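The next block holds one structure in the form of structure tokens; read it before the comments.
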Amino acid sequence: MTGLFPARPSRWPAWLCAAALLLASGCASPPPAAPTPASHLSAAGPWSGRLSLQVDSEPPQGFHAGFELLGSAQAGELKLYTPLGATLASARWNEDSALLLRGDEMRAYPDLATLTAALTGAALPVTELFEWLQGRPARAPGWSVELGDHDGRVRASRSEPAPPATLRLILDRP
């Protein structure tokens, strides 16, 4: 016998096993990397849950994602996920710069406010967001916040600058 089939039937199982292993290794994906410990960045967090951002622009824009947030307003990481768990984007920042990773694309920004505006259509008050997630009210110019009695919900509305925007966060329960 020639072609795809081996000449000796005794070699068939080894060939079949090798092919199966090759196919399985080509389809396998590595396990997700463990989150970077945030203990050196902040005593609070990490946080995870769902977020929604509605921007009343023309045309209106809506953004919904799962999220994981590590660190602080000075240095941290935000990962955004689809409902099925695929990574939409990842942002990393420190006091000097911010980096956005989307698929194979990597873009640098001068600060986190510029990055969040590029990612979501509205600059988000990240410093205050870290306070809100800890259940502490903090004032952000143009924003009002409802903390939801420490039930893991945050609702913040921006009236200025235009366009108005509404940010909602629901934290996962441990």
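Labels used: A, B, ... for chains in the order of the structure tokens, numbers from 1 for residues in each chain, and numbers from 1 for ligands as shown.
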
- Message: Env of Phe130 (chain A): 9 Å cut, atoms = only C-alpha atoms, seq-sep filter 6 positions within chain, self excluded. Answer as a list in words.
- Response: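 Residues meeting the cut-off are Ala44, Gly45, Ser72, Ala73 and Arg136 of chain A.
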
- Message: Could you list, as a PyMOL selection string, every residue within 8 Å of region 148-159 of chain A, counting only C-alpha atoms and ignoring same-chain residues fewer than 3 positions away?
- Response: chain A and resi 132-133+135+142-145+162-173

Atoms kept (C-alpha atoms) for selection, written as a compact mmCIF listing (two decimals), in the first residue's frame:
# COMPACT_ATOMS: atom_id res chain seq x y z
CA TRP A 132 -16.04 54.84 44.01
CA LEU A 133 -15.17 51.15 43.76
CA GLY A 135 -17.52 52.79 48.32
CA GLY A 142 -18.81 67.32 35.54
CA TRP A 143 -19.70 63.91 37.06
CA SER A 144 -22.25 62.86 39.69
CA VAL A 145 -22.16 59.42 41.31
CA ALA A 162 -20.55 67.37 26.20
CA PRO A 163 -21.65 64.84 25.22
CA PRO A 164 -23.38 63.54 28.37
CA ALA A 165 -22.38 60.03 29.42
CA THR A 166 -23.52 57.39 31.93
CA LEU A 167 -21.17 54.80 33.39
CA ARG A 168 -22.54 51.77 35.27
CA LEU A 169 -20.45 49.16 37.08
CA ILE A 170 -21.62 45.97 38.74
CA LEU A 171 -18.94 44.18 40.73
CA ASP A 172 -18.70 40.41 40.92
CA ARG A 173 -19.25 38.98 44.36

- Message: Could you tell me how far CA of Gly85 (chain A) sits from CA of Glu128 (chain A), in Å to one decimal place?
- Response: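 According to the coordinates, CA of Glu128 (chain A) and CA of Gly85 (chain A) are separated by 26.9 Å.
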
- Query: Which neighbours of Leu100 (chain A) fall inside 10 Å, counting only C-alpha atoms, when residues of the same chain fewer than 2 positions from it are skipped, and could you give them as a PyMOL selection string?
  - Reply: chain A and resi 77-79+89-93+98+102-103+105-109+112+115-116+118-119

Take the selection from the previous step and output its residues with C-alpha atoms, as a PDB file, in the first residue's frame.
ATOM      1  CA  GLU A  77      -4.131  47.507  34.421  1.00  0.00           C
ATOM      2  CA  LEU A  78      -7.654  47.246  33.023  1.00  0.00           C
ATOM      3  CA  LYS A  79      -8.766  44.261  30.955  1.00  0.00           C
ATOM      4  CA  ALA A  89      -8.647  45.260  25.037  1.00  0.00           C
ATOM      5  CA  SER A  90      -6.128  45.753  27.788  1.00  0.00           C
ATOM      6  CA  ALA A  91      -4.828  49.046  29.156  1.00  0.00           C
ATOM      7  CA  ARG A  92      -1.758  49.534  31.324  1.00  0.00           C
ATOM      8  CA  TRP A  93      -0.635  52.791  32.824  1.00  0.00           C
ATOM      9  CA  ALA A  98      -0.665  54.752  29.188  1.00  0.00           C
ATOM     10  CA  ARG A 102      -6.203  45.668  21.175  1.00  0.00           C
ATOM     11  CA  GLY A 103      -5.567  42.440  19.327  1.00  0.00           C
ATOM     12  CA  GLU A 105      -2.384  46.695  17.857  1.00  0.00           C
ATOM     13  CA  MET A 106      -0.507  48.598  20.568  1.00  0.00           C
ATOM     14  CA  ARG A 107      -0.918  52.363  21.050  1.00  0.00           C
ATOM     15  CA  ALA A 108       0.724  54.704  23.524  1.00  0.00           C
ATOM     16  CA  TYR A 109      -1.046  57.702  25.083  1.00  0.00           C
ATOM     17  CA  LEU A 112      -5.004  57.562  31.150  1.00  0.00           C
ATOM     18  CA  LEU A 115      -6.570  56.530  26.557  1.00  0.00           C
ATOM     19  CA  THR A 116     -10.072  56.083  28.053  1.00  0.00           C
ATOM     20  CA  ALA A 118      -9.944  56.868  22.713  1.00  0.00           C
ATOM     21  CA  LEU A 119     -11.199  53.490  23.966  1.00  0.00           C
TER      22      LEU A 119
END

Counting only C-alpha atoms, give me one row per residue of region 103-150 of chain A with an atom at most 12 Å from an atom of region 54-62 of chain A, showing the shortest contact pair and its distance in Å to one decimal, sorted by chain then residue number, as a tab-separated table.
residue	atom	partner	partner_atom	distance
A:Ala117	CA	A:Val55	CA	11.0
A:Leu119	CA	A:Gly62	CA	11.8
A:Thr120	CA	A:Gly62	CA	8.5
A:Gly121	CA	A:Val55	CA	7.1
A:Ala122	CA	A:Val55	CA	7.2
A:Ala123	CA	A:Val55	CA	10.7
A:Leu124	CA	A:Val55	CA	11.5

- Go through A:Gln74, A:Pro83, A:Ser48, A:Pro110 one by one, measure the shortest atom-to-atom distance of each to Glu95 (chain A) using only C-alpha atoms, and give the residue with the smallest value. A:Gln74

- Query: A:Arg139, A:Thr114, A:Val126, A:Ser97: which is nearest Leu69 (chain A), counting only C-alpha atoms?
  - Reply: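 Of A:Arg139, A:Thr114, A:Val126, A:Ser97, the one nearest Leu69 (chain A), counting only C-alpha atoms, is A:Val126.
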
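Atom to atom, CA of Asp111 (chain A) and CA of Ala65 (chain A) stand 21.9 Å apart.
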
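The residues of region 85-161 of chain A that DSSP classifies as strand (DSSP E or B), using the backbone of this structure, are A:Thr87, A:Leu88, A:Ala89, A:Ser90, A:Ala91, A:Arg92, A:Trp93, A:Ala98, A:Leu99, A:Leu100, A:Leu101, A:Arg102, A:Glu105, A:Met106, A:Arg107, A:Ala108, A:Tyr109, A:Trp143, A:Ser144, A:Val145, A:Glu146, A:Arg153, A:Val154, A:Arg155, A:Ala156, A:Ser157, A:Arg158.
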
Writing out the chosen residues with C-alpha atoms as a compact mmCIF listing (two decimals), in the first residue's frame:
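This is the output file out-v1.txt:
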# COMPACT_ATOMS: atom_id res chain seq x y z
CA THR A 87 -10.25 39.83 25.55
CA LEU A 88 -11.45 43.02 23.85
CA ALA A 89 -8.65 45.26 25.04
CA SER A 90 -6.13 45.75 27.79
CA ALA A 91 -4.83 49.05 29.16
CA ARG A 92 -1.76 49.53 31.32
CA TRP A 93 -0.63 52.79 32.82
CA ALA A 98 -0.66 54.75 29.19
CA LEU A 99 -0.64 51.84 26.76
CA LEU A 100 -3.65 50.31 24.96
CA LEU A 101 -3.44 46.78 23.57
CA ARG A 102 -6.20 45.67 21.18
CA GLU A 105 -2.38 46.70 17.86
CA MET A 106 -0.51 48.60 20.57
CA ARG A 107 -0.92 52.36 21.05
CA ALA A 108 0.72 54.70 23.52
CA TYR A 109 -1.05 57.70 25.08
CA TRP A 143 -19.70 63.91 37.06
CA SER A 144 -22.25 62.86 39.69
CA VAL A 145 -22.16 59.42 41.31
CA GLU A 146 -24.52 57.00 43.05
CA ARG A 153 -22.98 48.90 42.06
CA VAL A 154 -21.73 52.26 40.85
CA ARG A 155 -23.66 54.64 38.59
CA ALA A 156 -21.91 57.81 37.45
CA SER A 157 -23.31 60.43 35.07
CA ARG A 158 -21.35 63.08 33.22

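Put simply, CA of Ala75 (chain A) is 13.1 Å away from CA of Ala113 (chain A).
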